[in-house]
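For reference, entry.csv (CSV, C-alpha atoms (C1' of nucleotides)):
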```csv
chain,number,residue,atom,x,y,z
D,1,MET,CA,-26.0,-34.0,4.3
D,2,ASP,CA,-22.9,-32.5,5.7
D,3,ALA,CA,-23.8,-31.6,9.3
D,4,SER,CA,-20.7,-29.5,9.7
D,5,SER,CA,-21.6,-27.1,6.9
D,6,LYS,CA,-22.7,-24.6,9.5
D,7,SER,CA,-19.6,-25.2,11.6
D,8,ARG,CA,-21.7,-25.7,14.7
D,9,ALA,CA,-20.3,-27.6,17.6
D,10,PRO,CA,-22.6,-30.6,18.5
D,11,SER,CA,-23.6,-28.9,21.7
D,12,GLY,CA,-22.1,-25.5,21.7
D,13,PRO,CA,-23.1,-22.6,23.9
D,14,VAL,CA,-26.7,-21.7,23.6
D,15,PRO,CA,-27.1,-19.2,20.7
D,16,ILE,CA,-28.3,-15.8,21.7
D,17,ARG,CA,-31.0,-14.2,19.5
D,18,ARG,CA,-30.9,-10.7,18.5
D,19,THR,CA,-34.3,-9.2,19.2
D,20,VAL,CA,-35.7,-5.7,19.1
D,21,GLN,CA,-36.3,-5.6,22.9
D,22,GLY,CA,-33.0,-7.1,23.7
D,23,GLU,CA,-31.2,-4.5,21.6
D,24,ILE,CA,-33.2,-1.7,23.2
D,25,ILE,CA,-32.3,-2.8,26.7
D,26,ARG,CA,-28.7,-3.2,25.8
D,27,THR,CA,-28.6,0.2,24.3
D,28,VAL,CA,-30.1,1.7,27.4
D,29,PHE,CA,-27.2,0.4,29.5
D,30,GLU,CA,-24.6,1.4,27.0
D,31,ASP,CA,-25.9,4.9,26.7
D,32,ALA,CA,-26.5,5.4,30.4
D,33,GLN,CA,-22.8,5.6,31.3
D,34,ARG,CA,-23.7,4.9,34.9
D,35,PRO,CA,-25.4,2.0,36.9
D,36,LEU,CA,-29.1,1.8,36.5
D,37,SER,CA,-31.7,0.2,38.7
D,38,SER,CA,-34.0,-2.3,37.0
D,39,ARG,CA,-36.8,0.2,37.3
D,40,GLU,CA,-34.7,3.0,35.6
D,41,ALA,CA,-33.7,0.6,32.8
D,42,HIS,CA,-37.3,-0.4,32.3
D,43,GLU,CA,-38.5,3.2,32.2
D,44,LEU,CA,-35.9,4.1,29.7
D,45,ALA,CA,-36.7,1.1,27.6
D,46,LEU,CA,-40.4,2.0,27.7
D,47,LYS,CA,-39.7,5.4,26.2
D,48,ILE,CA,-38.4,3.6,23.1
D,49,GLN,CA,-40.8,0.6,23.0
D,50,PRO,CA,-43.9,1.1,25.2
D,51,ARG,CA,-44.8,-2.6,25.5
D,52,ILE,CA,-41.6,-4.0,27.0
D,53,GLY,CA,-42.5,-5.8,30.2
D,54,ILE,CA,-40.4,-5.7,33.4
D,55,ALA,CA,-39.9,-9.5,33.2
D,56,THR,CA,-38.3,-9.0,29.8
D,57,VAL,CA,-35.9,-6.4,31.3
D,58,TYR,CA,-34.9,-8.8,34.1
D,59,ARG,CA,-34.4,-11.7,31.7
D,60,ALA,CA,-32.4,-9.5,29.3
D,61,ILE,CA,-30.3,-8.2,32.2
D,62,ASN,CA,-29.6,-11.7,33.4
D,63,ARG,CA,-28.7,-12.8,30.0
D,64,PHE,CA,-26.3,-9.9,29.7
D,65,ILE,CA,-24.8,-10.7,33.0
D,66,GLU,CA,-24.1,-14.3,31.8
D,67,GLU,CA,-22.6,-13.0,28.6
D,68,GLY,CA,-20.5,-10.5,30.6
D,69,LEU,CA,-22.0,-7.5,28.9
D,70,VAL,CA,-23.5,-6.2,32.2
D,71,THR,CA,-22.4,-6.2,35.8
D,72,PRO,CA,-24.6,-6.1,38.8
D,73,VAL,CA,-23.8,-3.3,41.2
D,74,ASP,CA,-25.2,-3.5,44.7
D,75,ILE,CA,-25.6,-0.2,46.5
D,76,PRO,CA,-26.0,-0.8,50.2
D,77,GLY,CA,-29.4,0.4,51.5
D,78,VAL,CA,-30.5,1.3,48.0
D,79,GLY,CA,-30.8,-1.8,45.9
D,80,THR,CA,-29.3,-3.6,43.0
D,81,HIS,CA,-28.2,-1.6,40.0
D,82,TYR,CA,-26.6,-2.8,36.7
D,83,GLU,CA,-24.1,-1.3,34.4
D,84,ALA,CA,-22.5,-1.9,31.1
D,85,ALA,CA,-19.3,-4.0,31.7
D,86,GLY,CA,-16.0,-3.4,30.0
D,87,GLY,CA,-14.8,-0.3,31.7
D,88,SER,CA,-11.6,-0.4,33.8
D,89,HIS,CA,-11.7,-1.2,37.4
D,90,HIS,CA,-13.7,1.3,39.4
D,91,HIS,CA,-16.0,1.8,42.3
D,92,TYR,CA,-19.2,3.8,43.1
D,93,PHE,CA,-20.5,6.8,44.8
D,94,TYR,CA,-24.2,7.0,45.8
D,95,CYS,CA,-25.6,10.5,46.2
D,96,GLY,CA,-28.2,10.7,48.9
D,97,GLY,CA,-29.5,13.9,47.4
D,98,CYS,CA,-30.3,12.9,43.8
D,99,GLY,CA,-30.2,9.1,44.3
D,100,ARG,CA,-27.8,8.8,41.4
D,101,VAL,CA,-24.9,6.3,41.3
D,102,TYR,CA,-21.6,7.7,40.1
D,103,VAL,CA,-18.6,5.8,38.9
D,104,ILE,CA,-15.4,6.5,40.7
D,105,PRO,CA,-12.4,5.5,38.7
D,106,GLY,CA,-9.4,4.0,40.4
D,107,CYS,CA,-8.9,2.1,43.6
D,108,PRO,CA,-7.2,2.8,46.9
D,109,GLY,CA,-5.0,-0.2,46.6
D,110,GLN,CA,-3.7,-1.9,49.8
D,111,ILE,CA,-7.0,-3.8,49.8
D,112,SER,CA,-5.5,-7.2,50.0
D,113,ALA,CA,-3.4,-6.1,52.9
D,114,MET,CA,-6.6,-6.2,55.0
D,115,LEU,CA,-7.1,-9.9,54.3
D,116,PRO,CA,-6.7,-12.2,57.3
D,117,PRO,CA,-4.1,-14.9,56.8
D,118,GLY,CA,-5.4,-17.8,54.8
D,119,PHE,CA,-8.2,-15.9,53.3
D,120,ARG,CA,-8.3,-15.6,49.5
D,121,MET,CA,-9.9,-12.6,47.9
D,122,GLU,CA,-11.8,-12.9,44.6
D,123,ARG,CA,-13.3,-9.5,44.4
D,124,HIS,CA,-13.9,-6.3,46.3
D,125,ASP,CA,-16.6,-3.7,46.4
D,126,ILE,CA,-16.3,-0.2,47.5
D,127,VAL,CA,-19.2,2.1,47.7
D,128,LEU,CA,-19.0,5.7,48.9
D,129,HIS,CA,-22.1,7.5,50.2
D,130,GLY,CA,-22.5,11.2,50.4
D,131,ARG,CA,-23.5,14.2,48.3
D,132,CYS,CA,-22.4,14.8,44.8
D,133,ARG,CA,-21.2,18.2,43.7
D,134,ASP,CA,-24.7,19.3,42.6
D,135,CYS,CA,-26.3,18.2,45.8
D,136,ALA,CA,-23.6,19.4,48.2
D,137,VAL,CA,-24.8,21.9,50.8
K,1,MET,CA,-53.6,19.4,90.1
K,2,ASP,CA,-49.9,18.8,89.5
K,3,ALA,CA,-49.4,17.2,86.1
K,4,SER,CA,-45.7,16.9,86.7
K,5,SER,CA,-46.0,14.5,89.6
K,6,LYS,CA,-44.5,11.8,87.5
K,7,SER,CA,-41.8,14.1,86.2
K,8,ARG,CA,-42.7,13.2,82.6
K,9,ALA,CA,-41.8,15.7,79.9
K,10,PRO,CA,-44.9,16.7,77.9
K,11,SER,CA,-43.7,14.9,74.8
K,12,GLY,CA,-40.4,13.2,75.5
K,13,PRO,CA,-38.7,10.6,73.4
K,14,VAL,CA,-40.8,7.4,73.1
K,15,PRO,CA,-39.9,5.1,75.9
K,16,ILE,CA,-38.6,1.7,74.8
K,17,ARG,CA,-40.0,-1.3,76.7
K,18,ARG,CA,-37.9,-4.2,77.9
K,19,THR,CA,-39.5,-7.4,76.7
K,20,VAL,CA,-38.4,-11.0,76.7
K,21,GLN,CA,-38.4,-11.3,72.9
K,22,GLY,CA,-36.5,-8.0,72.5
K,23,GLU,CA,-33.9,-9.1,74.9
K,24,ILE,CA,-33.5,-12.4,73.2
K,25,ILE,CA,-33.0,-10.8,69.8
K,26,ARG,CA,-30.6,-8.3,71.2
K,27,THR,CA,-28.6,-11.0,72.9
K,28,VAL,CA,-28.4,-13.0,69.6
K,29,PHE,CA,-26.7,-10.1,67.9
K,30,GLU,CA,-24.4,-9.4,70.8
K,31,ASP,CA,-23.3,-13.0,71.1
K,32,ALA,CA,-22.9,-13.5,67.3
K,33,GLN,CA,-19.8,-11.4,67.0
K,34,ARG,CA,-20.5,-11.1,63.3
K,35,PRO,CA,-23.2,-9.8,61.0
K,36,LEU,CA,-26.3,-12.0,60.8
K,37,SER,CA,-29.0,-12.1,58.2
K,38,SER,CA,-32.6,-11.6,59.5
K,39,ARG,CA,-33.1,-15.3,58.9
K,40,GLU,CA,-30.0,-16.3,60.9
K,41,ALA,CA,-31.2,-14.0,63.7
K,42,HIS,CA,-34.6,-15.5,63.6
K,43,GLU,CA,-33.4,-19.0,63.7
K,44,LEU,CA,-31.1,-18.3,66.6
K,45,ALA,CA,-33.9,-16.6,68.5
K,46,LEU,CA,-36.2,-19.5,67.9
K,47,LYS,CA,-33.8,-21.8,69.6
K,48,ILE,CA,-34.3,-19.8,72.8
K,49,GLN,CA,-38.0,-19.0,72.5
K,50,PRO,CA,-39.8,-21.1,69.8
K,51,ARG,CA,-42.7,-18.7,69.3
K,52,ILE,CA,-40.9,-15.6,68.1
K,53,GLY,CA,-42.3,-14.5,64.8
K,54,ILE,CA,-40.2,-13.1,62.0
K,55,ALA,CA,-42.1,-9.8,62.1
K,56,THR,CA,-41.0,-9.4,65.7
K,57,VAL,CA,-37.4,-9.9,64.7
K,58,TYR,CA,-37.7,-7.3,62.0
K,59,ARG,CA,-39.4,-4.8,64.3
K,60,ALA,CA,-36.8,-5.4,67.0
K,61,ILE,CA,-34.0,-5.0,64.5
K,62,ASN,CA,-35.4,-1.7,63.2
K,63,ARG,CA,-35.9,-0.5,66.7
K,64,PHE,CA,-32.2,-1.4,67.5
K,65,ILE,CA,-31.1,0.4,64.4
K,66,GLU,CA,-32.9,3.6,65.5
K,67,GLU,CA,-31.4,3.2,68.9
K,68,GLY,CA,-28.0,2.8,67.4
K,69,LEU,CA,-27.5,-0.7,68.9
K,70,VAL,CA,-27.4,-2.4,65.5
K,71,THR,CA,-26.1,-1.5,62.2
K,72,PRO,CA,-27.3,-2.8,58.8
K,73,VAL,CA,-24.7,-4.4,56.7
K,74,ASP,CA,-25.5,-4.9,53.0
K,75,ILE,CA,-23.5,-7.6,51.3
K,76,PRO,CA,-23.6,-7.2,47.6
K,77,GLY,CA,-25.3,-10.1,45.9
K,78,VAL,CA,-26.1,-11.8,49.2
K,79,GLY,CA,-28.5,-9.6,51.1
K,80,THR,CA,-28.8,-7.4,54.1
K,81,HIS,CA,-27.2,-8.4,57.4
K,82,TYR,CA,-27.2,-6.8,60.8
K,83,GLU,CA,-24.5,-6.5,63.4
K,84,ALA,CA,-24.2,-5.2,66.9
K,85,ALA,CA,-22.9,-1.7,66.7
K,86,GLY,CA,-20.2,-0.2,68.8
K,87,GLY,CA,-17.1,-1.8,67.4
K,88,SER,CA,-14.4,0.3,65.9
K,89,HIS,CA,-14.4,1.0,62.2
K,90,HIS,CA,-14.2,-2.1,60.1
K,91,HIS,CA,-15.2,-3.8,56.9
K,92,TYR,CA,-16.5,-7.2,55.8
K,93,PHE,CA,-15.5,-10.4,54.1
K,94,TYR,CA,-18.1,-12.6,52.6
K,95,CYS,CA,-17.1,-16.3,52.1
K,96,GLY,CA,-18.7,-17.9,49.1
K,97,GLY,CA,-18.0,-21.2,50.6
K,98,CYS,CA,-19.7,-21.2,53.9
K,99,GLY,CA,-21.8,-18.0,53.3
K,100,ARG,CA,-20.5,-16.5,56.5
K,101,VAL,CA,-19.8,-12.8,56.8
K,102,TYR,CA,-16.5,-12.0,58.6
K,103,VAL,CA,-15.5,-8.7,60.1
K,104,ILE,CA,-12.2,-7.2,58.8
K,105,PRO,CA,-10.7,-4.7,61.2
K,106,GLY,CA,-9.0,-1.7,59.8
K,107,CYS,CA,-9.3,0.3,56.6
K,108,PRO,CA,-7.1,0.9,53.6
K,109,GLY,CA,-7.2,4.6,54.1
K,110,GLN,CA,-6.8,6.9,51.1
K,111,ILE,CA,-10.5,6.4,50.5
K,112,SER,CA,-11.3,10.1,50.4
K,113,ALA,CA,-8.5,10.5,47.8
K,114,MET,CA,-10.9,8.8,45.3
K,115,LEU,CA,-13.5,11.5,45.7
K,116,PRO,CA,-14.2,13.7,42.7
K,117,PRO,CA,-13.8,17.4,43.4
K,118,GLY,CA,-16.9,18.9,45.1
K,119,PHE,CA,-18.2,15.5,46.3
K,120,ARG,CA,-18.7,15.1,50.0
K,121,MET,CA,-18.3,11.6,51.5
K,122,GLU,CA,-20.4,10.7,54.6
K,123,ARG,CA,-19.7,7.0,54.7
K,124,HIS,CA,-17.9,4.2,52.8
K,125,ASP,CA,-18.5,0.5,52.6
K,126,ILE,CA,-15.9,-2.1,51.6
K,127,VAL,CA,-16.9,-5.7,51.2
K,128,LEU,CA,-14.4,-8.4,50.1
K,129,HIS,CA,-15.6,-11.6,48.5
K,130,GLY,CA,-13.7,-14.8,48.4
K,131,ARG,CA,-12.9,-17.9,50.5
K,132,CYS,CA,-12.2,-17.9,54.1
K,133,ARG,CA,-9.4,-20.0,55.6
K,134,ASP,CA,-11.6,-23.0,56.2
K,135,CYS,CA,-13.1,-22.9,52.7
K,136,ALA,CA,-9.9,-22.2,50.8
K,137,VAL,CA,-9.0,-24.7,48.2
W,1,DT,C1',-39.8,-24.9,10.8
W,2,DT,C1',-37.6,-24.8,15.4
W,3,DG,C1',-36.9,-23.1,19.5
W,4,DT,C1',-35.4,-18.6,21.9
W,5,DG,C1',-37.4,-14.3,23.5
W,6,DT,C1',-41.5,-11.8,24.9
W,7,DG,C1',-45.9,-10.5,27.6
W,8,DC,C1',-48.7,-11.3,31.0
W,9,DA,C1',-49.9,-13.1,35.3
W,10,DA,C1',-49.0,-16.0,39.0
W,11,DA,C1',-45.4,-17.6,42.2
W,12,DT,C1',-41.4,-16.6,45.3
W,13,DT,C1',-38.7,-14.2,48.5
W,14,DG,C1',-37.7,-10.6,51.8
W,15,DT,C1',-39.8,-7.1,54.6
W,16,DT,C1',-43.6,-4.2,56.4
W,17,DT,C1',-48.1,-3.4,58.3
W,18,DG,C1',-53.1,-4.0,60.4
W,19,DC,C1',-55.3,-5.8,64.2
W,20,DA,C1',-56.5,-8.0,68.4
W,21,DT,C1',-54.1,-9.2,72.5
W,22,DC,C1',-50.4,-9.2,75.9
W,23,DA,C1',-47.7,-7.4,79.4
W,24,DC,C1',-44.1,-3.8,80.8
W,25,DG,C1',-43.8,0.2,83.6
T,1,DC,C1',-54.3,0.7,83.5
T,2,DG,C1',-52.5,2.8,79.2
T,3,DT,C1',-49.6,2.2,75.5
T,4,DG,C1',-45.7,-0.1,73.3
T,5,DA,C1',-44.6,-5.0,71.8
T,6,DT,C1',-46.0,-9.4,69.9
T,7,DG,C1',-48.1,-13.0,66.6
T,8,DC,C1',-50.3,-14.0,62.9
T,9,DA,C1',-51.8,-13.1,58.4
T,10,DA,C1',-52.3,-10.1,54.8
T,11,DA,C1',-50.1,-6.5,52.2
T,12,DC,C1',-46.0,-4.9,49.6
T,13,DA,C1',-41.9,-4.6,46.7
T,14,DA,C1',-38.5,-6.8,44.0
T,15,DT,C1',-37.4,-10.6,41.2
T,16,DT,C1',-38.4,-15.1,39.0
T,17,DT,C1',-41.1,-18.4,36.5
T,18,DG,C1',-45.0,-20.9,33.8
T,19,DC,C1',-47.3,-20.7,29.6
T,20,DA,C1',-48.9,-19.6,25.1
T,21,DC,C1',-47.5,-17.0,21.2
T,22,DA,C1',-44.3,-14.3,18.2
T,23,DC,C1',-40.5,-14.1,15.5
T,24,DA,C1',-35.2,-14.6,14.7
T,25,DA,C1',-32.3,-17.8,12.4
```

Starting from the coordinates I provided, produce the structure as structure tokens.
Amino acid sequence: MDASSKSRAPSGPVPIRRTVQGEIIRTVFEDAQRPLSSREAHELALKIQPRIGIATVYRAINRFIEEGLVTPVDIPGVGTHYEAAGGSHHHYFYCGGCGRVYVIPGCPGQISAMLPPGFRMERHDIVLHGRCRDCAV
Amino acid sequence: MDASSKSRAPSGPVPIRRTVQGEIIRTVFEDAQRPLSSREAHELALKIQPRIGIATVYRAINRFIEEGLVTPVDIPGVGTHYEAAGGSHHHYFYCGGCGRVYVIPGCPGQISAMLPPGFRMERHDIVLHGRCRDCAV
DNA sequence: TTGTGTGCAAATTGTTTGCATCACG
DNA sequence: CGTGATGCAAACAATTTGCACACAA
């Protein structure tokens, strides 16, 4: 009879279910320690549970993005990657040799000094391209 | 028989033909003064010559990129844009209000200081997101 | 039991390509 | 005139969505 016995708001945020596939996909990102493409994430998930579909990966990723667990990382000329959120502010390095995306801690600062007057900055993306140590000539 | 009567190298660089459509598309980028999406470029070209196909736009853009006339500009979360090349080093500002991509002259410098040891940087992309002056709250 | 998450396939969106034809050089 | 450029449609690749079913809660 007491509707509040479960202390649920009348129309609270949609509850998120804990599923095997969802946990696998979340783990893949947490373990990766670097941004993964959807294909990479799918391949890694398939190693654990061979019947996960790519649509499930995309839906999980989008759910994680809404939850703030995962952040999309767009690498110019390469495509969208995704990484576990929560780390401190950082940027990225894309290696043209091995195709891997590295995390670069820190920030050059002075970014907002570039803003034209009247413009308001909400976010900035910096992506370096080149060769990582292993792929350097 | 003198094969060199037309002074053509046996296998020189592929000649690029000057066509009406190509000129229109090139003009669109030169006049825009800002990065355009392929759709924007197509729409602007259609205003001048209503039968230009989107494939022609893409082929022209790719030719221009090879020639160095146009540079691709990837805006994270928004999609690939293209701009006339030749300007001095600059970066971009994407306005979430009007969807326009602005050119930001200059560079914060200190970028290479972010590089991990052994990494070699060939290029860097900086894209700011926010509200332009007209769209500011 | 209820409704969210999953799998699969079809639908969308952005970009490229095959082919017949056009027209620049 | 020969070959690159164009238009159109089909092919592709990446991502999203419709639908029936499975399974957390």

Kindly provide the residues of chain T that approach chain K to within 9 Å, each paired with its closest atom pair and their distance in Å to one decimal, based on all atoms listed in the file, listed by chain and increasing number, as a Markdown table.
```
| residue | atom | partner | partner_atom | distance |
| --- | --- | --- | --- | --- |
| T:DG4 | C1' | K:Arg17 | CA | 6.7 |
| T:DA5 | C1' | K:Thr19 | CA | 7.5 |
| T:DT6 | C1' | K:Thr56 | CA | 6.5 |
| T:DG7 | C1' | K:Gly53 | CA | 6.3 |
| T:DC8 | C1' | K:Gly53 | CA | 8.2 |
```

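Between CA of Gly97 in chain D and CA of Pro108 in chain K there is a distance of 26.6 Å.
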
(request) Have a look at C1' of DC21 in chain T and CA of Ser38 in chain D and let me know their distance in Å, one decimal. (result) 25.5 Å

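CA of Arg26 in chain K to CA of Ile75 in chain K spans 21.1 Å [interatomic distance, one decimal].
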
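Considering the residues D:Cys132, D:Ala85, D:Ile48, D:Ile24 and counting all atoms listed in the file, Leu115 in chain K has its shortest atom-to-atom contact with D:Cys132.
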
(request) Using all atoms listed in the file, find the one residue out of W:DT12, W:DT17, W:DT6, W:DT1 that sits nearest to chain K. (result) W:DT17

Under the rule of at most 10 Å, produce a per-residue listing of chain K near chain D: chain, number, name, the closest pair of atoms, and the distance in Å, as a Markdown table, using all atoms listed in the file.
```
| residue | atom | partner | partner_atom | distance |
| --- | --- | --- | --- | --- |
| K:Pro72 | CA | D:Gly77 | CA | 8.2 |
| K:Val73 | CA | D:Pro76 | CA | 7.5 |
| K:Asp74 | CA | D:Pro76 | CA | 5.0 |
| K:Ile75 | CA | D:Pro76 | CA | 7.3 |
| K:Pro76 | CA | D:Asp74 | CA | 5.0 |
| K:Gly77 | CA | D:Asp74 | CA | 6.7 |
| K:Val78 | CA | D:Asp74 | CA | 9.5 |
| K:Gly79 | CA | D:Pro76 | CA | 9.2 |
| K:Thr80 | CA | D:Pro76 | CA | 8.2 |
| K:His91 | CA | D:Met114 | CA | 9.1 |
| K:Tyr92 | CA | D:His124 | CA | 9.9 |
| K:Phe93 | CA | D:Leu115 | CA | 8.4 |
| K:Tyr94 | CA | D:Met121 | CA | 9.5 |
| K:Cys95 | CA | D:Phe119 | CA | 9.0 |
| K:Gly96 | CA | D:Glu122 | CA | 9.6 |
| K:Tyr102 | CA | D:Pro116 | CA | 9.9 |
| K:Val103 | CA | D:Pro116 | CA | 9.9 |
| K:Ile104 | CA | D:Met114 | CA | 6.8 |
| K:Pro105 | CA | D:Met114 | CA | 7.6 |
| K:Gly106 | CA | D:Met114 | CA | 7.0 |
| K:Cys107 | CA | D:Met114 | CA | 7.2 |
| K:Pro108 | CA | D:Gln110 | CA | 5.8 |
| K:Gly109 | CA | D:Pro108 | CA | 7.4 |
| K:Gln110 | CA | D:Pro108 | CA | 5.9 |
| K:Ile111 | CA | D:Pro108 | CA | 6.1 |
| K:Ser112 | CA | D:Leu128 | CA | 9.0 |
| K:Ala113 | CA | D:Pro108 | CA | 7.9 |
| K:Met114 | CA | D:Ile104 | CA | 6.8 |
| K:Leu115 | CA | D:Ile104 | CA | 7.3 |
| K:Pro116 | CA | D:Ile104 | CA | 7.6 |
| K:Pro117 | CA | D:Arg133 | CA | 7.4 |
| K:Gly118 | CA | D:Arg133 | CA | 4.6 |
| K:Phe119 | CA | D:Cys132 | CA | 4.5 |
| K:Arg120 | CA | D:Arg131 | CA | 5.2 |
| K:Met121 | CA | D:Gly130 | CA | 4.4 |
| K:Glu122 | CA | D:Gly130 | CA | 4.7 |
| K:Arg123 | CA | D:His129 | CA | 5.1 |
| K:His124 | CA | D:Leu128 | CA | 4.3 |
| K:Asp125 | CA | D:Val127 | CA | 5.2 |
| K:Ile126 | CA | D:Ile126 | CA | 4.5 |
| K:Val127 | CA | D:Asp125 | CA | 5.2 |
| K:Leu128 | CA | D:His124 | CA | 4.4 |
| K:His129 | CA | D:Arg123 | CA | 5.1 |
| K:Gly130 | CA | D:Met121 | CA | 4.4 |
| K:Arg131 | CA | D:Arg120 | CA | 5.2 |
| K:Cys132 | CA | D:Phe119 | CA | 4.5 |
| K:Arg133 | CA | D:Gly118 | CA | 4.6 |
| K:Asp134 | CA | D:Gly118 | CA | 8.2 |
| K:Cys135 | CA | D:Phe119 | CA | 8.6 |
| K:Ala136 | CA | D:Arg120 | CA | 6.9 |
| K:Val137 | CA | D:Arg120 | CA | 9.2 |
```

Under the rule of at most 10 Å, produce a per-residue listing of chain W near chain D: chain, number, name, the closest pair of atoms, and the distance in Å, as a Markdown table, using all atoms listed in the file.
```
| residue | atom | partner | partner_atom | distance |
| --- | --- | --- | --- | --- |
| W:DT4 | C1' | D:Arg17 | CA | 6.7 |
| W:DG5 | C1' | D:Thr19 | CA | 7.4 |
| W:DT6 | C1' | D:Thr56 | CA | 6.5 |
| W:DG7 | C1' | D:Gly53 | CA | 6.4 |
| W:DC8 | C1' | D:Gly53 | CA | 8.3 |
```

If we draw a sphere of 9 Å around (-40.4, -10.2, 51.2), which residues have at least one atom in it when counting all atoms listed in the file? Please report them as a PDB file with C-alpha atoms (C1' of nucleotides), keeping the file's coordinate frame.
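Result went into selection-v7.pdb, see below:
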```
ATOM      1  C1'  DT W  12     -41.400 -16.600  45.300  1.00  0.00           C
ATOM      2  C1'  DT W  13     -38.700 -14.200  48.500  1.00  0.00           C
ATOM      3  C1'  DG W  14     -37.700 -10.600  51.800  1.00  0.00           C
ATOM      4  C1'  DT W  15     -39.800  -7.100  54.600  1.00  0.00           C
ATOM      5  C1'  DT W  16     -43.600  -4.200  56.400  1.00  0.00           C
TER       6       DT W  16
ATOM      7  C1'  DC T  12     -46.000  -4.900  49.600  1.00  0.00           C
ATOM      8  C1'  DA T  13     -41.900  -4.600  46.700  1.00  0.00           C
ATOM      9  C1'  DA T  14     -38.500  -6.800  44.000  1.00  0.00           C
TER      10       DA T  14
END
```

Can you sort out range 56-69 of chain K so it carries N, CA and C atoms, written as an mmCIF file, in the frame of the given file?
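File produced: rebuild_11.cif:
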```cif
data_model
loop_
_atom_site.group_PDB
_atom_site.id
_atom_site.type_symbol
_atom_site.label_atom_id
_atom_site.label_comp_id
_atom_site.auth_asym_id
_atom_site.auth_seq_id
_atom_site.Cartn_x
_atom_site.Cartn_y
_atom_site.Cartn_z
ATOM 1 N N THR K 56 -41.548 -9.910 64.481
ATOM 2 C CA THR K 56 -41.000 -9.400 65.700
ATOM 3 C C THR K 56 -39.493 -9.163 65.574
ATOM 4 N N VAL K 57 -38.832 -10.084 64.892
ATOM 5 C CA VAL K 57 -37.400 -9.900 64.700
ATOM 6 C C VAL K 57 -37.136 -8.654 63.864
ATOM 7 N N TYR K 58 -37.877 -8.484 62.782
ATOM 8 C CA TYR K 58 -37.700 -7.300 62.000
ATOM 9 C C TYR K 58 -37.968 -6.019 62.757
ATOM 10 N N ARG K 59 -39.070 -6.041 63.541
ATOM 11 C CA ARG K 59 -39.400 -4.800 64.300
ATOM 12 C C ARG K 59 -38.340 -4.550 65.330
ATOM 13 N N ALA K 60 -37.827 -5.586 65.964
ATOM 14 C CA ALA K 60 -36.800 -5.400 67.000
ATOM 15 C C ALA K 60 -35.522 -4.841 66.295
ATOM 16 N N ILE K 61 -35.143 -5.439 65.174
ATOM 17 C CA ILE K 61 -34.000 -5.000 64.500
ATOM 18 C C ILE K 61 -34.099 -3.500 64.116
ATOM 19 N N ASN K 62 -35.250 -3.140 63.585
ATOM 20 C CA ASN K 62 -35.400 -1.700 63.200
ATOM 21 C C ASN K 62 -35.410 -0.808 64.391
ATOM 22 N N ARG K 63 -35.936 -1.279 65.495
ATOM 23 C CA ARG K 63 -35.900 -0.500 66.700
ATOM 24 C C ARG K 63 -34.400 -0.312 67.123
ATOM 25 N N PHE K 64 -33.654 -1.407 67.082
ATOM 26 C CA PHE K 64 -32.200 -1.400 67.500
ATOM 27 C C PHE K 64 -31.455 -0.427 66.556
ATOM 28 N N ILE K 65 -31.787 -0.452 65.290
ATOM 29 C CA ILE K 65 -31.100 0.400 64.400
ATOM 30 C C ILE K 65 -31.370 1.895 64.745
ATOM 31 N N GLU K 66 -32.618 2.204 65.082
ATOM 32 C CA GLU K 66 -32.900 3.600 65.500
ATOM 33 C C GLU K 66 -32.205 3.944 66.769
ATOM 34 N N GLU K 67 -32.087 2.989 67.668
ATOM 35 C CA GLU K 67 -31.400 3.200 68.900
ATOM 36 C C GLU K 67 -29.889 3.296 68.748
ATOM 37 N N GLY K 68 -29.414 2.801 67.608
ATOM 38 C CA GLY K 68 -28.000 2.800 67.400
ATOM 39 C C GLY K 68 -27.323 1.527 67.949
ATOM 40 N N LEU K 69 -28.113 0.544 68.346
ATOM 41 C CA LEU K 69 -27.500 -0.700 68.900
ATOM 42 C C LEU K 69 -27.085 -1.624 67.801
#
```
